[in-house]
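S.K.: File target25.cif below, mmCIF, C-alpha atoms:
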```cif
data_query
loop_
_atom_site.label_atom_id
_atom_site.label_comp_id
_atom_site.auth_asym_id
_atom_site.auth_seq_id
_atom_site.Cartn_x
_atom_site.Cartn_y
_atom_site.Cartn_z
CA MET A 1 -36.86 -32.83 -15.03
CA LYS A 2 -36.62 -33.32 -11.26
CA LEU A 3 -37.47 -30.20 -9.26
CA VAL A 4 -37.28 -29.54 -5.55
CA ILE A 5 -39.35 -26.65 -4.21
CA VAL A 6 -38.59 -25.44 -0.71
CA GLY A 7 -41.50 -23.54 0.82
CA CYS A 8 -45.08 -24.35 -0.09
CA GLY A 9 -46.53 -20.84 0.12
CA ARG A 10 -48.61 -19.33 -2.66
CA VAL A 11 -45.72 -19.05 -5.09
CA GLY A 12 -44.15 -22.36 -4.12
CA ALA A 13 -47.45 -24.21 -4.44
CA ALA A 14 -48.26 -22.54 -7.76
CA LEU A 15 -44.85 -23.51 -9.15
CA ALA A 16 -45.22 -27.06 -7.84
CA GLU A 17 -48.61 -27.43 -9.55
CA ALA A 18 -47.35 -25.93 -12.79
CA PHE A 19 -44.40 -28.30 -13.04
CA ASP A 20 -46.47 -31.27 -11.92
CA ASN A 21 -49.07 -30.53 -14.60
CA THR A 22 -46.43 -30.46 -17.30
CA GLY A 23 -45.16 -33.91 -16.38
CA HIS A 24 -42.11 -33.10 -14.24
CA GLU A 25 -41.05 -34.87 -11.05
CA VAL A 26 -41.75 -32.47 -8.18
CA ILE A 27 -40.75 -32.64 -4.50
CA VAL A 28 -42.17 -29.90 -2.23
CA ILE A 29 -40.74 -29.33 1.24
CA ASP A 30 -42.26 -27.18 3.96
CA LEU A 31 -41.91 -26.88 7.74
CA SER A 32 -45.66 -27.19 8.17
CA THR A 33 -47.92 -29.88 6.76
CA ARG A 34 -50.77 -27.35 6.67
CA ALA A 35 -48.95 -25.55 3.87
CA PHE A 36 -49.63 -28.56 1.68
CA ASP A 37 -53.36 -27.72 1.80
CA ARG A 38 -52.51 -25.25 -0.96
CA LEU A 39 -51.82 -28.15 -3.32
CA SER A 40 -54.73 -29.55 -5.28
CA PRO A 41 -55.88 -33.13 -4.60
CA GLU A 42 -54.65 -34.02 -8.09
CA PHE A 43 -51.05 -33.11 -7.24
CA LYS A 44 -48.94 -36.18 -8.07
CA GLY A 45 -45.61 -35.02 -6.65
CA GLN A 46 -44.19 -35.61 -3.19
CA ALA A 47 -44.92 -33.29 -0.27
CA ILE A 48 -42.45 -33.65 2.56
CA ARG A 49 -42.49 -31.92 5.93
CA GLY A 50 -39.10 -30.72 7.08
CA ASP A 51 -36.49 -27.99 7.17
CA GLY A 52 -35.33 -27.33 3.63
CA THR A 53 -32.04 -25.82 4.83
CA ASP A 54 -31.07 -29.08 6.54
CA GLU A 55 -28.81 -31.18 4.35
CA ASP A 56 -30.12 -34.43 5.85
CA VAL A 57 -33.74 -33.49 5.23
CA LEU A 58 -33.04 -32.53 1.61
CA ARG A 59 -31.07 -35.70 1.02
CA LYS A 60 -33.78 -37.88 2.50
CA ALA A 61 -36.36 -36.12 0.37
CA GLY A 62 -34.39 -37.13 -2.70
CA ALA A 63 -32.98 -33.74 -3.61
CA GLU A 64 -29.53 -35.08 -4.40
CA GLY A 65 -28.73 -34.66 -8.06
CA ALA A 66 -32.00 -32.84 -8.82
CA ASP A 67 -32.05 -30.61 -11.88
CA VAL A 68 -33.53 -27.59 -10.14
CA LEU A 69 -34.08 -26.34 -6.58
CA LEU A 70 -36.34 -23.35 -6.05
CA ALA A 71 -36.25 -21.77 -2.58
CA PHE A 72 -39.42 -19.76 -1.97
CA THR A 73 -39.94 -19.76 1.81
CA GLU A 74 -40.86 -16.58 3.68
CA GLY A 75 -37.30 -16.22 4.94
CA ASP A 76 -34.68 -14.72 2.64
CA ASN A 77 -31.91 -16.39 4.60
CA ARG A 78 -33.50 -19.80 4.57
CA ASN A 79 -33.77 -19.48 0.80
CA VAL A 80 -30.17 -18.43 0.45
CA MET A 81 -29.01 -21.28 2.61
CA ALA A 82 -31.18 -23.90 0.92
CA THR A 83 -29.78 -23.00 -2.49
CA GLN A 84 -26.21 -23.09 -1.23
CA VAL A 85 -26.69 -26.48 0.45
CA ALA A 86 -28.21 -27.75 -2.80
CA THR A 87 -25.36 -26.46 -4.95
CA GLU A 88 -22.46 -27.27 -2.69
CA ARG A 89 -23.55 -30.53 -1.08
CA LEU A 90 -26.23 -32.10 -3.24
CA ALA A 91 -24.96 -31.43 -6.76
CA VAL A 92 -28.19 -29.71 -7.81
CA ASP A 93 -27.71 -28.19 -11.24
CA LYS A 94 -29.74 -24.98 -11.10
CA THR A 95 -31.03 -23.05 -8.09
CA VAL A 96 -33.10 -19.93 -7.59
CA ALA A 97 -33.58 -18.11 -4.27
CA LYS A 98 -36.32 -15.63 -3.54
CA ILE A 99 -34.71 -12.71 -1.71
CA ASN A 100 -36.99 -9.83 -0.83
CA ASP A 101 -34.23 -7.55 0.44
CA PRO A 102 -32.89 -5.86 -2.72
CA VAL A 103 -29.43 -5.30 -1.23
CA ARG A 104 -29.11 -8.94 -0.24
CA ALA A 105 -30.47 -10.05 -3.63
CA ALA A 106 -27.86 -8.02 -5.47
CA ALA A 107 -25.08 -9.23 -3.17
CA TYR A 108 -25.97 -12.88 -3.65
CA ALA A 109 -26.25 -12.49 -7.39
CA GLU A 110 -22.63 -11.34 -7.29
CA LEU A 111 -21.83 -14.58 -5.46
CA GLY A 112 -23.33 -16.58 -8.31
CA ILE A 113 -26.81 -17.28 -6.95
CA ALA A 114 -29.83 -16.66 -9.14
CA THR A 115 -32.23 -14.49 -7.19
CA VAL A 116 -35.76 -13.17 -7.56
CA CYS A 117 -36.63 -10.03 -5.64
CA ARG A 118 -40.34 -9.55 -5.09
CA THR A 119 -39.85 -6.09 -3.59
CA THR A 120 -38.30 -4.68 -6.73
CA MET A 121 -40.63 -6.67 -8.97
CA LEU A 122 -43.78 -5.31 -7.34
CA THR A 123 -42.45 -1.79 -7.04
CA ASP A 124 -41.53 -1.71 -10.71
CA ALA A 125 -44.88 -3.20 -11.70
CA VAL A 126 -46.79 -0.53 -9.79
CA LEU A 127 -44.54 2.26 -11.08
CA ALA A 128 -45.04 1.02 -14.64
CA PHE A 129 -48.81 0.82 -14.14
CA LEU A 130 -48.80 4.43 -13.01
CA GLY A 131 -46.70 5.41 -15.98
CA LEU A 132 -43.57 6.13 -13.94
CA GLY A 133 -40.03 4.92 -14.52
CA PRO A 134 -38.81 1.78 -12.77
CA THR A 135 -36.52 1.74 -9.73
CA GLY A 136 -33.53 0.76 -11.79
CA MET A 137 -32.82 -2.17 -9.48
CA PRO A 138 -32.95 -5.55 -11.19
CA SER A 139 -35.70 -7.84 -9.89
CA VAL A 140 -34.67 -11.10 -11.52
CA ILE A 141 -30.96 -11.61 -11.47
CA ALA A 142 -29.10 -14.33 -13.30
CA PRO A 143 -26.23 -15.95 -11.38
CA VAL A 144 -23.58 -14.26 -13.47
CA PRO A 145 -24.78 -10.68 -13.90
CA HIS A 146 -24.52 -10.04 -17.60
CA VAL A 147 -23.17 -6.60 -18.31
CA HIS A 148 -24.24 -5.15 -21.62
CA ALA A 149 -21.20 -4.73 -23.76
CA ASP A 150 -22.03 -1.17 -24.70
CA GLN A 151 -22.79 -0.04 -21.15
CA SER A 152 -19.91 0.37 -18.75
CA GLU A 153 -22.16 0.73 -15.72
CA SER A 154 -22.78 -2.71 -14.32
CA VAL A 155 -25.55 -4.26 -12.27
CA ALA A 156 -22.92 -5.65 -9.94
CA ALA A 157 -21.68 -2.32 -8.62
CA PRO A 158 -20.02 -2.93 -5.24
CA ALA A 159 -22.15 -0.58 -3.17
CA GLY A 160 -25.80 -1.57 -2.99
CA VAL A 161 -26.91 2.04 -3.24
CA PRO A 162 -27.96 3.03 -6.75
CA ALA A 163 -26.30 6.44 -6.70
CA SER A 164 -27.02 7.14 -10.35
CA SER A 165 -30.64 6.35 -11.08
CA ALA A 166 -29.79 3.84 -13.77
CA PRO A 167 -31.81 3.92 -16.98
CA ALA A 168 -34.51 1.34 -17.39
CA HIS A 169 -33.11 -1.55 -19.33
CA LEU A 170 -34.74 -4.39 -17.43
CA HIS A 171 -38.09 -5.99 -18.10
CA ALA A 172 -40.37 -3.87 -15.90
CA GLU A 173 -42.82 -2.99 -18.62
CA SER A 174 -43.45 -6.58 -19.66
CA ARG A 175 -45.27 -7.51 -16.52
CA ARG A 176 -48.32 -5.31 -16.61
CA ALA A 177 -51.34 -6.94 -15.04
CA MET B 1 -10.58 -3.33 17.37
CA PHE B 2 -14.10 -2.64 16.11
CA VAL B 3 -16.36 -5.65 16.50
CA LEU B 4 -19.91 -5.83 15.16
CA VAL B 5 -21.98 -8.39 17.05
CA VAL B 6 -25.28 -9.50 15.50
CA GLY B 7 -27.85 -11.13 17.75
CA GLY B 8 -28.60 -9.91 21.28
CA GLY B 9 -29.49 -13.20 22.91
CA LYS B 10 -27.46 -14.55 25.82
CA VAL B 11 -24.39 -15.23 23.71
CA GLY B 12 -24.47 -11.86 21.97
CA TYR B 13 -25.12 -9.99 25.20
CA TYR B 14 -22.27 -11.52 27.18
CA LEU B 15 -19.92 -11.37 24.21
CA THR B 16 -20.62 -7.65 23.84
CA LYS B 17 -20.21 -7.07 27.56
CA GLU B 18 -16.86 -8.86 27.70
CA LEU B 19 -15.58 -7.06 24.62
CA ILE B 20 -16.50 -3.67 26.05
CA GLU B 21 -14.79 -4.54 29.31
CA SER B 22 -11.61 -5.45 27.47
CA GLY B 23 -11.63 -2.06 25.77
CA HIS B 24 -12.89 -2.82 22.27
CA GLU B 25 -15.30 -0.76 20.24
CA VAL B 26 -18.49 -2.77 19.89
CA VAL B 27 -21.83 -2.34 18.15
CA LEU B 28 -24.57 -4.87 18.81
CA MET B 29 -27.47 -5.44 16.41
CA GLU B 30 -30.70 -6.81 17.85
CA LYS B 31 -33.93 -6.72 15.86
CA ASP B 32 -36.30 -7.14 18.79
CA ARG B 33 -36.90 -3.60 20.00
CA ALA B 34 -37.80 -4.51 23.55
CA ARG B 35 -34.72 -6.65 23.91
CA ALA B 36 -32.59 -3.94 22.28
CA ALA B 37 -33.90 -1.32 24.74
CA GLN B 38 -33.13 -3.61 27.65
CA ILE B 39 -29.53 -4.04 26.48
CA VAL B 40 -29.18 -0.27 26.04
CA ASP B 41 -30.21 0.14 29.69
CA GLU B 42 -27.52 -2.27 30.78
CA LEU B 43 -24.62 -1.65 28.39
CA GLY B 44 -25.25 1.86 27.07
CA SER B 45 -26.16 3.12 23.62
CA ILE B 46 -24.16 0.69 21.53
CA VAL B 47 -27.20 -1.10 20.16
CA VAL B 48 -28.63 -0.81 16.64
CA PRO B 49 -32.24 -1.98 17.00
CA HIS B 50 -32.52 -3.54 13.53
CA ASP B 51 -32.20 -6.85 11.73
CA GLY B 52 -28.55 -7.52 10.91
CA CYS B 53 -29.58 -9.69 7.98
CA GLU B 54 -30.99 -6.67 6.20
CA GLY B 55 -28.25 -5.30 3.96
CA LYS B 56 -29.23 -1.68 4.57
CA TYR B 57 -28.98 -1.92 8.35
CA LEU B 58 -25.83 -3.99 8.31
CA GLY B 59 -24.27 -1.15 6.35
CA GLU B 60 -25.64 1.53 8.66
CA ALA B 61 -24.25 -0.28 11.69
CA GLY B 62 -20.78 0.29 10.29
CA SER B 63 -19.94 -3.12 8.90
CA ASN B 64 -17.76 -1.60 6.18
CA ARG B 65 -15.23 -0.49 8.80
CA ALA B 66 -15.59 -3.47 11.17
CA ASP B 67 -12.54 -5.62 11.86
CA ILE B 68 -14.70 -8.54 12.93
CA VAL B 69 -18.36 -9.43 12.47
CA ALA B 70 -19.67 -12.05 14.89
CA ALA B 71 -23.06 -13.54 13.93
CA VAL B 72 -24.40 -15.23 17.05
CA THR B 73 -28.17 -15.37 16.54
CA GLY B 74 -30.00 -18.62 17.26
CA ASP B 75 -30.57 -19.39 13.57
CA ASP B 76 -27.88 -20.94 11.44
CA GLU B 77 -29.22 -19.53 8.19
CA ASP B 78 -29.23 -15.99 9.57
CA ASN B 79 -25.67 -16.35 10.81
CA LEU B 80 -24.54 -17.64 7.43
CA VAL B 81 -26.12 -14.76 5.56
CA ILE B 82 -24.78 -12.13 7.97
CA CYS B 83 -21.25 -13.48 7.55
CA GLN B 84 -21.50 -13.77 3.79
CA MET B 85 -22.91 -10.25 3.45
CA ALA B 86 -20.19 -8.93 5.77
CA LYS B 87 -17.43 -10.73 3.94
CA HIS B 88 -18.44 -10.27 0.32
CA HIS B 89 -20.49 -7.09 0.36
CA PHE B 90 -18.77 -5.08 3.08
CA ASP B 91 -15.26 -6.57 2.89
CA VAL B 92 -15.02 -7.41 6.58
CA PRO B 93 -11.66 -9.15 7.20
CA LYS B 94 -12.91 -11.69 9.72
CA THR B 95 -16.30 -13.28 10.22
CA ILE B 96 -17.44 -15.58 13.01
CA ALA B 97 -20.66 -17.63 12.95
CA ARG B 98 -22.45 -19.55 15.64
CA VAL B 99 -23.65 -22.87 14.27
CA ASN B 100 -26.24 -25.09 15.91
CA ASN B 101 -26.46 -27.98 13.46
CA PRO B 102 -22.99 -29.59 13.49
CA LYS B 103 -23.56 -30.65 9.89
CA ASN B 104 -23.41 -26.99 8.87
CA GLU B 105 -19.89 -26.42 10.20
CA GLU B 106 -18.11 -27.68 7.12
CA LEU B 107 -20.56 -26.01 4.74
CA PHE B 108 -20.15 -22.63 6.44
CA ARG B 109 -16.35 -22.89 6.29
CA HIS B 110 -16.57 -23.83 2.67
CA LEU B 111 -18.81 -20.85 2.00
CA GLY B 112 -16.26 -18.46 3.44
CA VAL B 113 -17.05 -18.06 7.14
CA ASP B 114 -13.70 -17.68 8.91
CA GLU B 115 -14.48 -19.05 12.35
CA ILE B 116 -17.21 -21.38 13.58
CA ILE B 117 -18.52 -21.58 17.12
CA SER B 118 -20.52 -24.72 17.66
CA PRO B 119 -22.17 -25.11 21.07
CA THR B 120 -23.62 -28.45 20.00
CA ARG B 121 -20.21 -29.78 19.02
CA MET B 122 -18.67 -28.53 22.25
CA ALA B 123 -21.35 -30.16 24.40
CA LEU B 124 -21.05 -33.35 22.39
CA GLY B 125 -17.29 -33.30 22.85
CA SER B 126 -17.45 -32.99 26.61
CA ILE B 127 -20.17 -35.61 26.94
CA GLU B 128 -18.06 -38.05 24.95
CA GLN B 129 -15.10 -37.31 27.20
CA ASP B 130 -17.09 -37.86 30.36
CA ILE B 131 -18.73 -41.09 29.30
CA PRO B 132 -15.99 -43.32 27.94
CA VAL B 133 -18.22 -45.62 25.95
CA HIS B 134 -15.82 -45.52 23.05
CA GLU B 135 -12.18 -46.35 23.35
CA LEU B 136 -11.57 -43.67 20.75
CA LEU B 137 -12.28 -40.14 21.94
CA HIS B 138 -12.39 -36.92 19.99
CA LEU B 139 -10.45 -34.37 21.97
CA ALA B 140 -10.64 -31.43 19.59
CA ALA B 141 -11.45 -30.54 16.03
CA LEU B 142 -8.77 -28.64 14.16
CA ASP B 143 -8.99 -26.88 10.82
CA ASN B 144 -9.53 -28.73 7.54
CA GLU B 145 -11.24 -31.82 8.95
CA LEU B 146 -8.33 -32.64 11.23
CA GLU B 147 -8.98 -33.99 14.69
CA ILE B 148 -7.07 -34.76 17.83
CA ILE B 149 -8.04 -38.24 18.96
CA GLU B 150 -7.23 -40.23 22.05
CA ALA B 151 -7.13 -44.04 21.85
CA ARG B 152 -7.16 -46.08 25.06
CA LEU B 153 -5.36 -49.39 24.70
CA LEU B 154 -7.12 -52.44 26.17
CA ALA B 155 -5.45 -55.70 27.24
CA ASP B 156 -6.30 -57.36 23.93
CA SER B 157 -5.56 -54.38 21.68
CA PRO B 158 -3.24 -55.28 18.80
CA ALA B 159 -0.95 -52.33 19.56
CA VAL B 160 -0.09 -53.59 23.05
CA GLY B 161 3.44 -54.97 23.15
CA ARG B 162 4.35 -53.41 19.83
CA THR B 163 6.10 -50.23 18.78
CA PRO B 164 4.61 -47.48 16.56
CA ALA B 165 7.11 -48.51 13.86
CA GLU B 166 5.48 -51.95 13.72
CA LEU B 167 1.99 -50.55 13.27
CA ASP B 168 0.37 -49.69 9.96
CA ILE B 169 -0.72 -46.14 10.71
CA PRO B 170 -2.71 -44.37 7.96
CA GLU B 171 -0.71 -41.79 6.03
CA ALA B 172 -2.88 -38.84 6.97
CA CYS B 173 -2.37 -39.59 10.69
CA SER B 174 0.38 -38.98 13.14
CA LEU B 175 0.75 -40.53 16.59
CA SER B 176 2.18 -37.82 18.74
CA ALA B 177 2.25 -38.80 22.42
CA VAL B 178 1.27 -41.33 25.03
CA VAL B 179 -0.33 -40.61 28.37
CA ARG B 180 0.86 -43.34 30.73
CA ASN B 181 -0.11 -43.22 34.40
CA GLY B 182 -1.01 -39.58 34.02
CA VAL B 183 2.35 -38.62 32.52
CA VAL B 184 2.69 -37.37 28.94
CA ILE B 185 5.50 -39.08 27.03
CA PRO B 186 6.39 -38.00 23.49
CA LEU B 187 5.99 -41.02 21.26
CA ARG B 188 9.19 -42.48 19.78
CA PRO B 189 9.09 -45.07 16.97
CA ASP B 190 10.79 -47.71 19.20
CA MET B 191 8.63 -47.30 22.27
CA VAL B 192 6.66 -50.38 23.30
CA LEU B 193 2.98 -49.63 23.94
CA GLN B 194 1.24 -50.99 27.03
CA GLU B 195 -2.26 -51.76 28.19
CA GLY B 196 -3.89 -48.63 29.62
CA ASP B 197 -1.81 -46.28 27.47
CA LYS B 198 -3.71 -43.39 25.99
CA VAL B 199 -2.31 -42.71 22.56
CA ILE B 200 -2.83 -39.18 21.29
CA ALA B 201 -3.09 -38.93 17.52
CA ILE B 202 -3.70 -36.13 15.05
CA GLY B 203 -5.29 -37.04 11.78
CA ARG B 204 -8.04 -36.67 9.27
CA ALA B 205 -11.47 -37.68 10.55
CA ASP B 206 -11.87 -40.30 7.85
CA CYS B 207 -8.83 -42.27 9.08
CA GLU B 208 -10.58 -42.97 12.32
CA ARG B 209 -11.65 -46.51 11.48
CA LEU B 210 -8.16 -47.60 10.39
CA LEU B 211 -6.65 -46.03 13.45
CA HIS B 212 -9.16 -47.84 15.62
CA GLU B 213 -8.29 -51.17 14.04
CA GLN B 214 -4.55 -50.66 14.39
CA LEU B 215 -4.53 -49.43 17.95
CA ILE B 216 -7.55 -50.84 19.72
CA GLY B 217 -8.71 -53.66 17.47
CA GLY B 218 -11.56 -54.29 15.05
CA THR B 219 -15.00 -53.08 15.96
CA GLU B 220 -18.11 -55.17 15.71
CA GLU B 221 -20.65 -52.54 14.81
CA MET B 222 -18.62 -50.57 12.30
CA GLU B 223 -18.54 -53.19 9.56
CA PRO B 224 -20.87 -52.15 6.78
CA ALA B 225 -23.67 -54.67 6.32
#
```
Would you give me this structure, written as structure tokens?

M.R.:
Amino acid sequence: MKLVIVGCGRVGAALAEAFDNTGHEVIVIDLSTRAFDRLSPEFKGQAIRGDGTDEDVLRKAGAEGADVLLAFTEGDNRNVMATQVATERLAVDKTVAKINDPVRAAAYAELGIATVCRTTMLTDAVLAFLGLGPTGMPSVIAPVPHVHADQSESVAAPAGVPASSAPAHLHAESRRA
Amino acid sequence: MFVLVVGGGKVGYYLTKELIESGHEVVLMEKDRARAAQIVDELGSIVVPHDGCEGKYLGEAGSNRADIVAAVTGDDEDNLVICQMAKHHFDVPKTIARVNNPKNEELFRHLGVDEIISPTRMALGSIEQDIPVHELLHLAALDNELEIIEARLLADSPAVGRTPAELDIPEACSLSAVVRNGVVIPLRPDMVLQEGDKVIAIGRADCERLLHEQLIGGTEEMEPA
């Protein structure tokens, strides 16, 4: 599999290493070359300095036709844009954007973008650790929000405000440290 | 008209000021508190001192009843997200984005932004008009990849001495007028073109090379190696 990872922070670097170790072709892109210090000397993939939201940079890095693009920079918007450039212009098959703003994450999931929301993920993890119920907001959202057939309330409710504190049906308890 | 402007830099500031002066209801979002306070001093309390990319604040600023959202921050990715959130999450009828990288113009349109303002493209356009290094000038970009182009005919151009009917103009193009000695003449199929004529054409950007060949002549550097 060919993977492009935009943003070589802790998560980006860890993902890059993991995929590299399991024999995948990995391209990591970051604005700063210092970020690549997080990669081990054994890393066999490519590390390219540049703006991962810039179509030309992504193309030059070899992102065109990649199987997966993971956008894990510090900026929600850069992540959103990188995944959309990859999908719309570079025929990348699967993309995931890290979006820390829960409202934005939910909105983009409705638009068909797979999102990971660290805010909700951490909040739920802490709540679960303390024996409290989760927020009810999904933290990992598949591109097409799958509505359970037996539940009429959907994840993709138009307003971002969870008026009814939805029952916990999403994986919070599985990620106890 | 209620306009929500996001980004209180120079563009956002003057845009807000002009809109207020022409009687519109305006709210400006600026995340830098010091800058926001400065604008409040000058324009009054129409500033929401928060990040317009944050869904919560975009909602609080009244985006769900805005007629227009104009995202004019200095960052393309922020402007894209603001417009997409406005359009798809808050059902704003019209969104406008400032774009710095000209490559992003088409992408943003494709992703649902209604209007694009591109300072880079505008500057590029006027530089190309001022320095006539090319015989083919881009006068304006229209919707859907259409452009208005001006072709200046040289003494040895193949179109000189011929009529538009005799030329092999690409299908997606239309020759519309000639500027001859400073006078605009609507182009008729039987009109003989002369050296020095400026032919105004409207067409798809990708027809440019064919149009160049037909009107001005082949180009040395454009042949693919």

S.K.: Could you list, as an MDAnalysis selection string, every residue matched by the PyMOL selection byres ((chain B) within 8 of (chain A)) in this structure?

M.R.: chainID B and resid 53:56 77:78 80:81 85 88:89 103 107

S.K.: In Å, with one decimal, what is the gap from CA of Phe43 in chain A to CA of Ile5 in chain A?

M.R.: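 Interatomic distance, CA of Phe43 in chain A to CA of Ile5 in chain A: 13.7 Å.
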
S.K.: Apply the PyMOL selection byres ((chain B and resi 68) around 10) to the file shown and report the selected residues as a ChimeraX atom specification.

M.R.: /B:1-5,26,63,65-67,69-71,83,86-87,92-96

S.K.: Take the selection from the previous step and output its residues with C-alpha atoms, as a PDB file, in the coordinates of the input.

M.R.:
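Once everything was written out, this is out-v9.pdb:
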```
ATOM      1  CA  MET B   1     -10.580  -3.330  17.370  1.00  0.00           C
ATOM      2  CA  PHE B   2     -14.100  -2.640  16.110  1.00  0.00           C
ATOM      3  CA  VAL B   3     -16.360  -5.650  16.500  1.00  0.00           C
ATOM      4  CA  LEU B   4     -19.910  -5.830  15.160  1.00  0.00           C
ATOM      5  CA  VAL B   5     -21.980  -8.390  17.050  1.00  0.00           C
ATOM      6  CA  VAL B  26     -18.490  -2.770  19.890  1.00  0.00           C
ATOM      7  CA  SER B  63     -19.940  -3.120   8.900  1.00  0.00           C
ATOM      8  CA  ARG B  65     -15.230  -0.490   8.800  1.00  0.00           C
ATOM      9  CA  ALA B  66     -15.590  -3.470  11.170  1.00  0.00           C
ATOM     10  CA  ASP B  67     -12.540  -5.620  11.860  1.00  0.00           C
ATOM     11  CA  VAL B  69     -18.360  -9.430  12.470  1.00  0.00           C
ATOM     12  CA  ALA B  70     -19.670 -12.050  14.890  1.00  0.00           C
ATOM     13  CA  ALA B  71     -23.060 -13.540  13.930  1.00  0.00           C
ATOM     14  CA  CYS B  83     -21.250 -13.480   7.550  1.00  0.00           C
ATOM     15  CA  ALA B  86     -20.190  -8.930   5.770  1.00  0.00           C
ATOM     16  CA  LYS B  87     -17.430 -10.730   3.940  1.00  0.00           C
ATOM     17  CA  VAL B  92     -15.020  -7.410   6.580  1.00  0.00           C
ATOM     18  CA  PRO B  93     -11.660  -9.150   7.200  1.00  0.00           C
ATOM     19  CA  LYS B  94     -12.910 -11.690   9.720  1.00  0.00           C
ATOM     20  CA  THR B  95     -16.300 -13.280  10.220  1.00  0.00           C
ATOM     21  CA  ILE B  96     -17.440 -15.580  13.010  1.00  0.00           C
TER      22      ILE B  96
END
```

S.K.: In Å, with one decimal, what is the gap from CA of Leu127 in chain A to CA of Lys98 in chain A?

M.R.: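 That distance, rounded to one decimal, is 21.1 Å.
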
S.K.: Report, in Å to a single decimal, how far apart CA of Met29 in chain B and CA of Ile82 in chain B are.

M.R.: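 A separation of 11.1 Å between them.
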
S.K.: With the file shown as input, list the residues that the PyMOL selection byres ((chain A and resi 20-24) around 8) selects, as an MDAnalysis selection string.

M.R.: chainID A and resid 1:3 16:19 25:26 43:45

S.K.: Tell me which protein, DNA and RNA residues are within 6 Å of range 184-201 of chain B, counting only C-alpha atoms, leaving out same-chain ones fewer than 6 positions away, and put them as a PyMOL selection string.

M.R.: chain B and resi 148-155+160-165+174-178

S.K.: Could you check which of B:Leu142, B:Leu210, B:Leu19, B:Leu28 is closest to Cys173 in chain B, using all atoms listed in the file?

M.R.: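 Using all atoms listed in the file, Cys173 in chain B sits closest to B:Leu210.
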
S.K.: Write out as a list in words which residues come within 12 Å of Lys17 in chain B when counting all atoms listed in the file, dropping same-chain ones fewer than 5 positions away.

M.R.: Val3, Val5, Gly8, Lys10, Val11, Gly12, Ser22, Gly23, His24, Glu25, Val26, Val27, Leu28, Ile39, Val40, Glu42, Leu43, Gly44, Ile46 and Val47 of chain B

S.K.: Using all atoms listed in the file, can you tell me which of B:Cys207, B:Ala141, B:Ala36, B:Leu136 comes closest to Pro170 in chain B?

M.R.: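 For Pro170 in chain B, the nearest of the given residues is B:Cys207.
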
S.K.: May I have the residues within 10 Å of Phe36 in chain A as a PyMOL selection string, using all atoms listed in the file and disregarding those fewer than 6 positions away in the same chain?

M.R.: chain A and resi 7-9+13+28-30+47-49

S.K.: Quick one: 4 Å padding each side, axis-aligned, all listed atoms of range 46-64 of chain B - centre and edge lengths in Å to one decimal, as lines of an AutoDock Vina configuration file?

M.R.:
```
center_x = -25.1
center_y = -4.1
center_z = 12.7
size_x = 22.8
size_y = 19.2
size_z = 25.6
```

S.K.: Which residue, B:Asn101, B:Gly217, B:Val72, B:Leu58, has the smallest gap to Tyr14 in chain B when you use all atoms listed in the file?

M.R.: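 Looking at the shortest contact to Tyr14 in chain B, the residue is B:Val72.
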
S.K.: Using all atoms listed in the file for the distances, tell me which of B:Asn79, B:Leu124, B:Glu30, B:Asp156 is nearest to Ala61 in chain B.

M.R.: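 Ranking B:Asn79, B:Leu124, B:Glu30, B:Asp156 by distance to Ala61 in chain B, first place goes to B:Glu30.
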
S.K.: When you count all atoms listed in the file, which of these residues is closest to Lys94 in chain A: A:Leu31, A:Val11, A:Val68, A:Ala128?

M.R.: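 Distance minimum relative to Lys94 in chain A lands on A:Val68.
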
S.K.: Select, from B:Val6, B:Ala159, B:Val48, B:Ala205, the residue with the minimum atom-to-atom distance to Asn144 in chain B, counting all atoms listed in the file.

M.R.: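 Residue with the minimum atom-to-atom distance to Asn144 in chain B: B:Ala205.
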
S.K.: Env of range 110-120 of chain B: 6 Å cut, atoms = only C-alpha atoms, seq-sep filter 2 positions within chain, self excluded. Answer as a list of chain:residue names.

M.R.: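 Here the qualifying residues turn out to be B:Thr95, B:Ile96, B:Ala97, B:Arg98, B:Val99, B:Asn100, B:Leu107, B:Phe108, B:Met122, B:Ala123.
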